[in-house]
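Structure file input_34.tsv; described as TSV, C-alpha atoms.
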```tsv
chain	number	residue	atom	x	y	z
A	18	MET	CA	59.79	38.22	-54.64
A	19	ALA	CA	57.32	35.30	-54.36
A	20	VAL	CA	58.66	31.83	-55.12
A	21	LYS	CA	56.81	30.07	-57.96
A	22	ARG	CA	55.21	26.73	-57.22
A	23	ASP	CA	56.13	23.58	-59.07
A	24	TYR	CA	54.00	23.26	-62.24
A	25	TYR	CA	53.36	19.55	-61.69
A	26	GLU	CA	52.20	20.29	-58.17
A	27	ILE	CA	49.87	23.03	-59.44
A	28	LEU	CA	48.14	20.62	-61.83
A	29	GLY	CA	48.24	17.78	-59.32
A	30	ILE	CA	49.96	15.33	-61.66
A	31	ASP	CA	53.04	13.11	-61.69
A	32	ARG	CA	56.19	14.14	-63.53
A	33	ASN	CA	55.70	11.19	-65.86
A	34	ALA	CA	52.15	12.21	-66.73
A	35	SER	CA	51.16	11.76	-70.37
A	36	PRO	CA	49.98	14.72	-72.52
A	37	ASP	CA	46.39	13.51	-72.17
A	38	GLU	CA	46.71	13.45	-68.37
A	39	VAL	CA	48.11	16.98	-68.45
A	40	LYS	CA	45.17	18.17	-70.55
A	41	ARG	CA	42.57	16.45	-68.34
A	42	ALA	CA	44.06	17.97	-65.19
A	43	PHE	CA	44.09	21.41	-66.80
A	44	ARG	CA	40.46	21.19	-67.93
A	45	LYS	CA	39.28	20.18	-64.48
A	46	LEU	CA	41.17	22.94	-62.67
A	47	ALA	CA	40.41	25.60	-65.28
A	48	LYS	CA	36.70	25.00	-64.92
A	49	GLU	CA	36.96	24.92	-61.13
A	50	HIS	CA	38.85	28.20	-60.77
A	51	HIS	CA	37.53	30.21	-63.73
A	52	PRO	CA	36.67	33.71	-62.38
A	53	ASP	CA	33.28	33.66	-64.07
A	54	ARG	CA	32.37	30.55	-62.11
A	55	ASN	CA	34.34	30.88	-58.90
A	56	HIS	CA	34.03	34.21	-57.13
A	57	LYS	CA	36.05	33.25	-54.07
A	58	GLU	CA	39.04	35.36	-53.14
A	59	GLY	CA	42.19	34.15	-54.90
A	60	SER	CA	40.38	32.29	-57.68
A	61	ALA	CA	41.76	34.64	-60.33
A	62	GLU	CA	45.34	34.08	-59.18
A	63	ARG	CA	44.78	30.35	-59.00
A	64	PHE	CA	43.32	30.36	-62.52
A	65	LYS	CA	46.34	32.29	-63.79
A	66	GLU	CA	48.66	29.82	-62.09
A	67	VAL	CA	46.87	26.82	-63.65
A	68	ASN	CA	47.11	28.35	-67.14
A	69	GLU	CA	50.77	29.13	-66.71
A	70	ALA	CA	51.53	25.57	-65.64
A	71	TYR	CA	49.57	24.13	-68.53
A	72	GLU	CA	51.25	26.41	-71.07
A	73	VAL	CA	54.60	24.94	-70.13
A	74	LEU	CA	53.70	21.29	-69.54
A	75	SER	CA	51.59	21.00	-72.70
A	76	ASP	CA	54.47	22.13	-74.91
A	77	GLU	CA	57.10	19.45	-75.47
A	78	GLY	CA	60.03	21.88	-75.76
A	79	LYS	CA	59.05	24.03	-72.79
A	80	ARG	CA	58.34	20.98	-70.64
A	81	SER	CA	61.75	19.50	-71.45
A	82	ALA	CA	63.47	22.78	-70.54
A	83	TYR	CA	61.45	23.06	-67.34
A	84	ASP	CA	62.30	19.48	-66.32
A	85	ARG	CA	66.04	20.25	-66.79
A	86	PHE	CA	66.36	23.81	-65.53
A	87	GLY	CA	63.16	24.61	-63.65
A	88	HIS	CA	61.34	27.94	-64.08
A	89	ALA	CA	64.40	29.58	-65.58
A	90	GLY	CA	64.49	27.01	-68.35
A	91	ALA	CA	60.81	27.57	-69.17
A	92	GLU	CA	61.26	31.34	-69.27
A	93	SER	CA	64.21	30.95	-71.61
A	94	GLN	CA	61.82	29.27	-74.06
A	95	ASP	CA	60.06	32.63	-74.49
A	96	PHE	CA	57.25	31.77	-72.10
A	97	GLY	CA	54.87	34.59	-71.44
A	98	GLY	CA	51.70	34.23	-73.41
A	99	PHE	CA	48.85	36.72	-73.44
A	100	ASN	CA	48.97	39.24	-70.60
A	101	GLY	CA	50.96	36.86	-68.44
A	102	PHE	CA	48.27	34.19	-68.45
A	103	GLY	CA	50.44	31.70	-70.25
A	104	PHE	CA	48.35	30.23	-73.04
A	105	SER	CA	49.21	30.45	-76.70
A	106	GLY	CA	46.27	30.41	-79.07
A	107	PHE	CA	42.77	29.60	-77.85
A	108	GLY	CA	42.34	25.96	-78.76
A	109	ASP	CA	42.64	24.42	-75.31
A	110	ILE	CA	40.68	27.17	-73.57
A	111	PHE	CA	37.87	26.71	-76.12
A	112	ASP	CA	38.03	23.00	-75.64
A	113	ALA	CA	37.85	23.29	-71.88
A	114	PHE	CA	34.98	25.76	-71.74
A	115	PHE	CA	33.12	26.01	-75.03
A	116	GLY	CA	34.06	23.03	-77.17
A	117	ALA	CA	31.09	20.77	-76.40
A	118	SER	CA	28.44	23.48	-76.70
A	119	ALA	CA	29.94	24.82	-79.91
A	120	GLU	CA	29.93	21.41	-81.55
A	121	ALA	CA	26.33	20.84	-80.46
A	122	GLU	CA	25.33	24.23	-81.84
A	123	ALA	CA	26.77	23.57	-85.27
A	124	ALA	CA	25.58	19.96	-85.50
A	125	PRO	CA	22.41	19.03	-87.40
A	126	ARG	CA	19.39	19.31	-85.14
A	127	ALA	CA	16.35	17.07	-85.30
A	128	GLY	CA	13.00	18.74	-85.80
A	129	SER	CA	10.71	19.55	-82.90
A	130	ASP	CA	8.00	17.17	-81.75
A	131	ILE	CA	4.44	18.38	-82.21
A	132	HIS	CA	1.16	17.40	-80.53
A	133	ALA	CA	-2.36	16.98	-81.84
A	134	ARG	CA	-5.71	15.77	-80.48
A	135	VAL	CA	-8.17	13.30	-81.91
A	136	LYS	CA	-11.75	13.02	-80.67
A	137	LEU	CA	-13.11	9.48	-80.42
A	138	SER	CA	-16.43	7.95	-79.51
A	139	PHE	CA	-16.52	5.35	-76.75
A	140	GLU	CA	-16.90	2.60	-79.36
A	141	GLU	CA	-14.07	3.90	-81.56
A	142	ALA	CA	-11.65	3.90	-78.64
A	143	ALA	CA	-12.71	0.45	-77.47
A	144	LEU	CA	-12.78	-1.27	-80.84
A	145	GLY	CA	-10.12	0.70	-82.74
A	146	CYS	CA	-10.58	2.66	-85.96
A	147	GLU	CA	-8.87	4.87	-88.51
A	148	LYS	CA	-9.16	8.64	-88.15
A	149	GLU	CA	-8.06	11.51	-90.36
A	150	ILE	CA	-6.46	14.52	-88.67
A	151	THR	CA	-5.10	17.83	-89.91
A	152	ILE	CA	-2.02	19.42	-88.35
A	153	ASN	CA	0.17	22.48	-88.83
A	154	ARG	CA	3.86	21.70	-89.05
A	155	ILE	CA	7.13	23.05	-90.44
A	156	GLU	CA	8.11	21.27	-93.64
A	157	ARG	CA	10.98	21.54	-96.09
A	158	CYS	CA	10.20	24.14	-98.74
A	159	GLU	CA	8.91	22.44	-101.87
A	160	ARG	CA	10.25	25.11	-104.20
A	161	CYS	CA	13.88	25.11	-103.08
A	162	ASN	CA	13.92	21.66	-101.41
A	163	GLY	CA	15.41	23.21	-98.30
A	164	SER	CA	18.38	24.84	-100.04
A	165	ARG	CA	17.04	28.35	-99.25
A	166	SER	CA	18.02	29.51	-102.74
A	167	GLU	CA	15.83	30.22	-105.72
A	168	PRO	CA	15.94	27.17	-108.04
A	169	GLY	CA	18.86	27.45	-110.43
A	170	SER	CA	20.89	29.78	-108.21
A	171	GLU	CA	23.83	28.71	-106.07
A	172	THR	CA	24.96	29.23	-102.51
A	173	SER	CA	28.49	30.19	-101.51
A	174	VAL	CA	30.67	29.39	-98.53
A	175	CYS	CA	30.08	31.94	-95.78
A	176	SER	CA	32.94	34.43	-95.76
A	177	ASP	CA	32.65	35.02	-92.00
A	178	CYS	CA	32.87	31.45	-90.74
A	179	GLY	CA	34.48	29.71	-93.71
A	180	GLY	CA	31.65	27.17	-93.90
A	181	ARG	CA	31.95	26.03	-90.28
A	182	GLY	CA	28.74	27.69	-89.12
A	183	ARG	CA	30.58	29.06	-86.05
A	184	VAL	CA	32.71	32.09	-85.36
A	185	GLN	CA	35.13	32.93	-82.59
A	186	ARG	CA	34.57	35.99	-80.42
A	187	VAL	CA	37.53	37.24	-78.37
A	188	GLN	CA	37.03	39.59	-75.42
A	189	GLN	CA	39.55	41.43	-73.28
A	190	SER	CA	38.87	41.34	-69.55
A	191	LEU	CA	40.63	42.09	-66.30
A	192	PHE	CA	41.92	38.53	-66.26
A	193	GLY	CA	43.18	38.42	-69.81
A	194	ARG	CA	41.76	37.56	-73.21
A	195	PHE	CA	38.94	35.03	-73.40
A	196	ALA	CA	37.07	33.61	-76.32
A	197	ASN	CA	33.67	32.18	-77.01
A	198	ILE	CA	32.38	30.27	-80.01
A	199	VAL	CA	28.94	31.28	-81.28
A	200	THR	CA	26.65	30.59	-84.22
A	201	CYS	CA	27.70	32.64	-87.20
A	202	PRO	CA	25.27	35.56	-87.46
A	203	ARG	CA	25.83	35.94	-91.18
A	204	CYS	CA	24.73	32.43	-92.22
A	205	ASN	CA	22.78	31.45	-89.06
A	206	GLY	CA	24.98	28.42	-88.60
A	207	GLU	CA	24.39	27.02	-92.09
A	208	GLY	CA	27.96	27.58	-93.29
A	209	ARG	CA	26.74	28.92	-96.63
A	210	THR	CA	25.19	32.18	-97.72
A	211	VAL	CA	22.36	32.66	-100.20
A	212	LYS	CA	22.66	35.12	-103.07
A	213	ASN	CA	19.09	34.75	-104.40
A	214	PRO	CA	16.72	33.70	-101.58
A	215	CYS	CA	13.83	31.41	-102.46
A	216	THR	CA	10.72	33.48	-103.12
A	217	GLN	CA	8.43	30.91	-101.51
A	218	CYS	CA	10.13	30.46	-98.13
A	219	ARG	CA	12.05	33.78	-98.21
A	220	GLY	CA	15.37	32.02	-97.83
A	221	GLN	CA	14.40	30.01	-94.75
A	222	GLY	CA	14.42	26.61	-96.44
A	223	LYS	CA	11.28	25.66	-94.49
A	224	GLU	CA	7.65	26.73	-94.37
A	225	ARG	CA	4.65	26.09	-92.14
A	226	LYS	CA	1.94	24.08	-93.85
A	227	ARG	CA	-1.30	22.27	-93.10
A	228	HIS	CA	-1.00	18.55	-93.50
A	229	THR	CA	-3.67	15.85	-93.40
A	230	LEU	CA	-2.84	12.27	-92.52
A	231	LYS	CA	-4.59	9.09	-91.40
A	232	VAL	CA	-4.01	7.67	-87.94
A	233	ASN	CA	-4.67	4.07	-86.96
A	234	ILE	CA	-6.31	4.07	-83.53
A	235	PRO	CA	-5.52	0.83	-81.65
A	236	ALA	CA	-8.33	-0.95	-79.85
A	237	GLY	CA	-8.31	-0.20	-76.12
A	238	ILE	CA	-6.86	3.31	-76.19
A	239	ASP	CA	-7.96	5.43	-73.21
A	240	ASN	CA	-8.25	9.12	-72.39
A	241	GLY	CA	-4.82	10.72	-72.16
A	242	ASN	CA	-3.06	7.97	-74.12
A	243	ALA	CA	-0.92	9.24	-76.99
A	244	ILE	CA	-0.01	7.62	-80.28
A	245	ARG	CA	3.48	8.44	-81.57
A	246	LEU	CA	3.96	8.80	-85.31
A	247	ASN	CA	7.68	8.80	-86.02
A	248	GLY	CA	8.97	11.44	-88.41
A	249	GLU	CA	5.68	13.32	-88.70
A	250	GLY	CA	6.80	16.34	-86.65
A	251	ASP	CA	8.61	19.52	-87.71
A	252	ALA	CA	11.41	19.26	-90.27
A	253	GLY	CA	14.98	19.12	-88.93
A	254	ASP	CA	17.91	21.45	-89.62
A	255	ARG	CA	20.89	20.74	-91.88
A	256	GLY	CA	19.60	17.38	-93.08
A	257	ALA	CA	18.62	16.11	-89.63
A	258	PRO	CA	15.47	13.96	-89.35
A	259	PRO	CA	12.09	15.48	-88.50
A	260	GLY	CA	10.56	15.26	-85.05
A	261	HIS	CA	7.65	13.07	-84.01
A	262	LEU	CA	3.90	13.66	-83.88
A	263	TYR	CA	2.07	12.73	-80.68
A	264	VAL	CA	-1.70	12.27	-81.10
A	265	ASN	CA	-3.57	12.48	-77.79
A	266	ALA	CA	-6.94	10.73	-77.47
A	267	GLU	CA	-10.06	12.52	-76.23
A	268	ILE	CA	-12.89	10.04	-75.69
A	269	SER	CA	-16.54	11.02	-75.42
A	270	PRO	CA	-18.59	9.40	-72.62
A	271	HIS	CA	-21.14	6.69	-73.45
A	272	PRO	CA	-24.79	7.10	-72.45
A	273	HIS	CA	-24.94	3.65	-70.81
A	274	PHE	CA	-21.44	2.23	-70.42
A	275	THR	CA	-18.69	3.41	-68.10
A	276	ARG	CA	-15.10	2.27	-68.29
A	277	GLU	CA	-12.65	1.29	-65.57
A	278	GLY	CA	-9.39	0.08	-67.04
A	279	PHE	CA	-10.44	-2.50	-69.61
A	280	ASP	CA	-13.70	-3.47	-67.87
A	281	ILE	CA	-17.10	-2.02	-68.78
A	282	TYR	CA	-19.84	-1.33	-66.22
A	283	TYR	CA	-23.51	-1.41	-67.12
A	284	GLU	CA	-26.53	-0.86	-64.88
A	285	GLN	CA	-29.63	-3.00	-65.52
A	286	ASP	CA	-33.03	-2.21	-63.98
A	287	ILE	CA	-35.31	-5.10	-62.95
A	288	ASN	CA	-38.69	-5.15	-61.26
A	289	PHE	CA	-39.74	-6.96	-58.11
A	290	ALA	CA	-41.24	-9.90	-59.96
A	291	GLN	CA	-38.11	-10.45	-62.06
A	292	ALA	CA	-35.93	-10.31	-58.97
A	293	ALA	CA	-38.16	-12.68	-56.98
A	294	LEU	CA	-38.95	-15.22	-59.68
A	295	GLY	CA	-35.79	-14.92	-61.80
A	296	CYS	CA	-35.69	-14.19	-65.50
A	297	GLU	CA	-33.53	-14.02	-68.61
A	298	LEU	CA	-32.57	-10.62	-70.03
A	299	LYS	CA	-30.87	-9.30	-73.14
A	300	ILE	CA	-27.91	-7.12	-72.16
A	301	PRO	CA	-26.32	-4.73	-74.70
A	302	THR	CA	-22.54	-5.01	-75.12
A	303	LEU	CA	-20.01	-3.53	-77.52
A	304	TYR	CA	-20.27	-6.72	-79.55
A	305	GLY	CA	-24.08	-7.12	-79.66
A	306	ASP	CA	-26.75	-8.34	-77.21
A	307	GLU	CA	-25.90	-11.07	-74.74
A	308	LYS	CA	-28.31	-13.22	-72.72
A	309	LEU	CA	-28.01	-12.94	-68.94
A	310	LYS	CA	-29.84	-15.26	-66.57
A	311	ILE	CA	-31.09	-13.59	-63.38
A	312	PRO	CA	-31.66	-16.22	-60.66
A	313	ALA	CA	-34.69	-16.11	-58.40
A	314	GLY	CA	-34.19	-14.07	-55.25
A	315	THR	CA	-31.64	-11.71	-56.75
A	316	GLN	CA	-31.04	-8.67	-54.54
A	317	THR	CA	-30.49	-5.11	-55.75
A	318	GLY	CA	-26.79	-4.30	-56.18
A	319	THR	CA	-25.87	-7.82	-57.30
A	320	VAL	CA	-23.16	-7.74	-60.00
A	321	PHE	CA	-22.99	-10.28	-62.80
A	322	LYS	CA	-20.01	-10.77	-65.10
A	323	LEU	CA	-20.06	-11.17	-68.86
A	324	LYS	CA	-16.59	-12.57	-69.41
A	325	ASN	CA	-14.43	-11.13	-72.23
A	326	LYS	CA	-17.13	-8.62	-73.21
A	327	GLY	CA	-15.09	-5.65	-72.09
A	328	ILE	CA	-12.36	-3.73	-73.92
A	329	ARG	CA	-9.41	-5.31	-75.64
A	330	ARG	CA	-6.16	-4.71	-73.81
A	331	LEU	CA	-3.68	-2.57	-75.73
A	332	GLN	CA	-1.34	-4.60	-77.95
A	333	ARG	CA	-2.70	-7.84	-76.49
A	334	SER	CA	-5.29	-10.40	-77.55
A	335	SER	CA	-7.10	-10.58	-74.19
A	336	TYR	CA	-10.17	-8.62	-73.17
A	337	GLY	CA	-11.66	-7.15	-70.04
A	338	ASP	CA	-15.14	-8.08	-68.78
A	339	GLN	CA	-18.53	-6.40	-68.77
A	340	LEU	CA	-19.95	-6.11	-65.27
A	341	VAL	CA	-23.73	-5.81	-64.98
A	342	ASN	CA	-25.03	-4.17	-61.81
A	343	VAL	CA	-28.65	-5.14	-61.13
A	344	LYS	CA	-30.85	-2.44	-59.67
A	345	LEU	CA	-34.32	-3.20	-58.28
A	346	VAL	CA	-36.77	-0.51	-59.36
A	347	THR	CA	-39.86	0.20	-57.24
A	348	PRO	CA	-42.85	1.36	-59.32
A	349	GLU	CA	-44.10	4.82	-58.48
A	350	LYS	CA	-47.63	4.27	-59.78
A	351	LEU	CA	-49.82	1.14	-59.75
A	352	ASN	CA	-53.13	0.45	-61.41
A	353	LYS	CA	-55.97	-1.14	-59.40
A	354	GLU	CA	-55.16	-4.68	-60.50
A	355	GLN	CA	-51.44	-4.35	-59.66
A	356	LYS	CA	-52.24	-2.80	-56.31
A	357	LYS	CA	-54.70	-5.62	-55.45
A	358	LEU	CA	-52.18	-8.29	-56.42
A	359	LEU	CA	-49.47	-6.71	-54.28
A	360	GLU	CA	-51.85	-6.44	-51.31
A	361	GLU	CA	-52.67	-10.13	-51.61
A	362	LEU	CA	-48.98	-10.90	-51.88
A	363	GLU	CA	-48.29	-8.88	-48.75
A	364	LYS	CA	-50.98	-10.81	-46.87
A	365	SER	CA	-49.44	-14.08	-47.92
A	366	PHE	CA	-46.04	-12.91	-46.67
A	367	ASN	CA	-47.55	-11.96	-43.34
A	368	LYS	CA	-49.14	-15.36	-42.67
A	369	GLY	CA	-47.32	-16.95	-39.80
A	370	SER	CA	-45.31	-13.77	-39.22
A	371	LYS	CA	-45.03	-12.26	-35.72
A	372	ASN	CA	-45.77	-8.86	-37.20
A	373	LYS	CA	-49.30	-9.67	-38.34
A	374	LYS	CA	-51.65	-6.76	-38.79
```
Is it possible to express this structure as structure tokens?
Amino acid sequence: MAVKRDYYEILGIDRNASPDEVKRAFRKLAKEHHPDRNHKEGSAERFKEVNEAYEVLSDEGKRSAYDRFGHAGAESQDFGGFNGFGFSGFGDIFDAFFGASAEAEAAPRAGSDIHARVKLSFEEAALGCEKEITINRIERCERCNGSRSEPGSETSVCSDCGGRGRVQRVQQSLFGRFANIVTCPRCNGEGRTVKNPCTQCRGQGKERKRHTLKVNIPAGIDNGNAIRLNGEGDAGDRGAPPGHLYVNAEISPHPHFTREGFDIYYEQDINFAQAALGCELKIPTLYGDEKLKIPAGTQTGTVFKLKNKGIRRLQRSSYGDQLVNVKLVTPEKLNKEQKKLLEELEKSFNKGSKNKK
């Protein structure tokens, strides 16, 4: 006959361990050696041994008898349990394996987040605006106000779960009897049953509806940025708050401006005379025309900066710049007068040059 191991040794605790320390040690070992999780040889026997030790050490009377008389004292206290596994009731097993998930399942759940898109022009994104969007979302039923019952009728406590929203399922296996806690199928976790379901939502308490709302678009928003509207998502369960609405920006390109961060790039054509002699030009910006002085001798590709004429930085008072890239344009066709003038100009350039014709 095999000699039984010391229960304190099995749980890895001191003989003066408190009840909480006993429970913590049991939970850890039960999870570690549960046959559904640990398929190594001997795990089932180890699991049985852990349960047997916990059954004794968690009971004040059995523990006292065990401390005085050893295994014989514990057995005299009518130790045995279910199928030799040594646990009475299912409370601690549930707590060790299913407690957290069961509580989460029955708890109120916030509504789901939803996403929408808003199309913006380049100017609307840069300067900010107000847009109206329409979304589909799950809302509390207006007729029954989420109660699921036809107005004037009452709900009753679910007879299957007693209002808890959860039921216990016990299964017999090779290793003994195990239990799981699941959402009550009769009331779908609500804890109450409906006698006369609402005719509008068919007893669901919620319905999908189209909803139109206004969205304030902040100045400086860019492609891919999202605006979060708290509480504008799907309705929650059991009185929980609704989810959020995320509005993603889609910005149309501009025919003349391009954006890099908060700076704007603009390309300005100039002719040879303007580049050589210098000039003053009117440059379009998001905020109206601005004068830009082009100095004499400007080369193609030169970039000029219009400070603070770019896009406002999100949630800040500062602005980016507008960068003007000057491009020298060569005329494709010349009239006789223009051609004569350019020929005379070329001759003047060639005077004193080594490359005279």
Measuring between all atoms listed in the file, which one of A:Ile234, A:Ala196, A:Ala61, A:Ala142 shows the shortest distance to A:Pro270?
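Using all atoms listed in the file, the shortest distance to A:Pro270 belongs to A:Ala142.
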So that I can check the surroundings of A:Leu323, please list as a PyMOL selection string every protein, DNA and RNA residue that reaches within 10 Å of it, counting only C-alpha atoms and ignoring chain neighbours fewer than 5 positions away.
chain A and resi 281+300+302+307-309+337-341
Dump of C-alpha atoms for the selected residues, as a PDB file, in the frame of the given file:
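Listing of out.pdb after writing:
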```
ATOM      1  CA  ILE A 281     -17.100  -2.020 -68.780  1.00  0.00           C
ATOM      2  CA  ILE A 300     -27.910  -7.120 -72.160  1.00  0.00           C
ATOM      3  CA  THR A 302     -22.540  -5.010 -75.120  1.00  0.00           C
ATOM      4  CA  GLU A 307     -25.900 -11.070 -74.740  1.00  0.00           C
ATOM      5  CA  LYS A 308     -28.310 -13.220 -72.720  1.00  0.00           C
ATOM      6  CA  LEU A 309     -28.010 -12.940 -68.940  1.00  0.00           C
ATOM      7  CA  GLY A 337     -11.660  -7.150 -70.040  1.00  0.00           C
ATOM      8  CA  ASP A 338     -15.140  -8.080 -68.780  1.00  0.00           C
ATOM      9  CA  GLN A 339     -18.530  -6.400 -68.770  1.00  0.00           C
ATOM     10  CA  LEU A 340     -19.950  -6.110 -65.270  1.00  0.00           C
ATOM     11  CA  VAL A 341     -23.730  -5.810 -64.980  1.00  0.00           C
TER      12      VAL A 341
END
```
Neighbour list for A:Gly248 as number ranges by chain, cut-off 12 Å, all atoms listed in the file, skip fewer than 5 positions in-chain:
A: 127-131, 154-156, 253, 257-263
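Relative to atom CA of A:Asn242, atom CA of A:Gln332 is found at 13.3 Å.
For the pair atom CA of A:Val67 and atom CA of A:Arg183, the separation is 27.8 Å.
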Generate the coordinates of N, CA and C atoms for stretch 348-369 of chain A; report them as a PDB file, in the frame of the given file.
```
ATOM      1  N   PRO A 348     -41.935   0.550 -58.507  1.00  0.00           N
ATOM      2  CA  PRO A 348     -42.850   1.360 -59.320  1.00  0.00           C
ATOM      3  C   PRO A 348     -43.441   2.515 -58.512  1.00  0.00           C
ATOM      4  N   GLU A 349     -43.542   3.653 -59.154  1.00  0.00           N
ATOM      5  CA  GLU A 349     -44.100   4.820 -58.480  1.00  0.00           C
ATOM      6  C   GLU A 349     -45.627   4.871 -58.581  1.00  0.00           C
ATOM      7  N   LYS A 350     -46.191   4.288 -59.600  1.00  0.00           N
ATOM      8  CA  LYS A 350     -47.630   4.270 -59.780  1.00  0.00           C
ATOM      9  C   LYS A 350     -48.095   2.856 -60.091  1.00  0.00           C
ATOM     10  N   LEU A 351     -49.231   2.462 -59.515  1.00  0.00           N
ATOM     11  CA  LEU A 351     -49.820   1.140 -59.750  1.00  0.00           C
ATOM     12  C   LEU A 351     -51.266   1.308 -60.181  1.00  0.00           C
ATOM     13  N   ASN A 352     -51.701   0.454 -61.116  1.00  0.00           N
ATOM     14  CA  ASN A 352     -53.130   0.450 -61.410  1.00  0.00           C
ATOM     15  C   ASN A 352     -53.853  -0.400 -60.359  1.00  0.00           C
ATOM     16  N   LYS A 353     -55.173  -0.457 -60.435  1.00  0.00           N
ATOM     17  CA  LYS A 353     -55.970  -1.140 -59.400  1.00  0.00           C
ATOM     18  C   LYS A 353     -55.619  -2.623 -59.334  1.00  0.00           C
ATOM     19  N   GLU A 354     -55.466  -3.250 -60.486  1.00  0.00           N
ATOM     20  CA  GLU A 354     -55.160  -4.680 -60.500  1.00  0.00           C
ATOM     21  C   GLU A 354     -53.815  -4.975 -59.864  1.00  0.00           C
ATOM     22  N   GLN A 355     -52.783  -4.155 -60.224  1.00  0.00           N
ATOM     23  CA  GLN A 355     -51.440  -4.350 -59.660  1.00  0.00           C
ATOM     24  C   GLN A 355     -51.439  -4.129 -58.157  1.00  0.00           C
ATOM     25  N   LYS A 356     -52.186  -3.102 -57.730  1.00  0.00           N
ATOM     26  CA  LYS A 356     -52.240  -2.800 -56.310  1.00  0.00           C
ATOM     27  C   LYS A 356     -52.910  -3.939 -55.539  1.00  0.00           C
ATOM     28  N   LYS A 357     -53.991  -4.513 -56.108  1.00  0.00           N
ATOM     29  CA  LYS A 357     -54.700  -5.620 -55.450  1.00  0.00           C
ATOM     30  C   LYS A 357     -53.800  -6.850 -55.347  1.00  0.00           C
ATOM     31  N   LEU A 358     -53.078  -7.127 -56.427  1.00  0.00           N
ATOM     32  CA  LEU A 358     -52.180  -8.290 -56.420  1.00  0.00           C
ATOM     33  C   LEU A 358     -51.076  -8.138 -55.370  1.00  0.00           C
ATOM     34  N   LEU A 359     -50.532  -6.931 -55.268  1.00  0.00           N
ATOM     35  CA  LEU A 359     -49.470  -6.710 -54.280  1.00  0.00           C
ATOM     36  C   LEU A 359     -50.000  -6.786 -52.858  1.00  0.00           C
ATOM     37  N   GLU A 360     -51.248  -6.342 -52.652  1.00  0.00           N
ATOM     38  CA  GLU A 360     -51.850  -6.440 -51.310  1.00  0.00           C
ATOM     39  C   GLU A 360     -52.064  -7.892 -50.916  1.00  0.00           C
ATOM     40  N   GLU A 361     -52.496  -8.695 -51.885  1.00  0.00           N
ATOM     41  CA  GLU A 361     -52.670 -10.130 -51.610  1.00  0.00           C
ATOM     42  C   GLU A 361     -51.322 -10.787 -51.347  1.00  0.00           C
ATOM     43  N   LEU A 362     -50.327 -10.352 -52.087  1.00  0.00           N
ATOM     44  CA  LEU A 362     -48.980 -10.900 -51.880  1.00  0.00           C
ATOM     45  C   LEU A 362     -48.481 -10.540 -50.491  1.00  0.00           C
ATOM     46  N   GLU A 363     -48.732  -9.312 -50.074  1.00  0.00           N
ATOM     47  CA  GLU A 363     -48.290  -8.880 -48.750  1.00  0.00           C
ATOM     48  C   GLU A 363     -48.961  -9.714 -47.665  1.00  0.00           C
ATOM     49  N   LYS A 364     -50.266 -10.000 -47.866  1.00  0.00           N
ATOM     50  CA  LYS A 364     -50.980 -10.810 -46.870  1.00  0.00           C
ATOM     51  C   LYS A 364     -50.389 -12.200 -46.781  1.00  0.00           C
ATOM     52  N   SER A 365     -50.025 -12.731 -47.926  1.00  0.00           N
ATOM     53  CA  SER A 365     -49.440 -14.080 -47.920  1.00  0.00           C
ATOM     54  C   SER A 365     -48.079 -14.082 -47.222  1.00  0.00           C
ATOM     55  N   PHE A 366     -47.331 -13.002 -47.366  1.00  0.00           N
ATOM     56  CA  PHE A 366     -46.040 -12.910 -46.670  1.00  0.00           C
ATOM     57  C   PHE A 366     -46.224 -12.820 -45.164  1.00  0.00           C
ATOM     58  N   ASN A 367     -47.347 -12.214 -44.752  1.00  0.00           N
ATOM     59  CA  ASN A 367     -47.550 -11.960 -43.340  1.00  0.00           C
ATOM     60  C   ASN A 367     -48.151 -13.150 -42.609  1.00  0.00           C
ATOM     61  N   LYS A 368     -48.602 -14.175 -43.331  1.00  0.00           N
ATOM     62  CA  LYS A 368     -49.140 -15.360 -42.670  1.00  0.00           C
ATOM     63  C   LYS A 368     -48.048 -16.053 -41.893  1.00  0.00           C
ATOM     64  N   GLY A 369     -48.308 -16.281 -40.655  1.00  0.00           N
ATOM     65  CA  GLY A 369     -47.320 -16.950 -39.800  1.00  0.00           C
ATOM     66  C   GLY A 369     -46.254 -16.017 -39.289  1.00  0.00           C
TER      67      GLY A 369
END
```
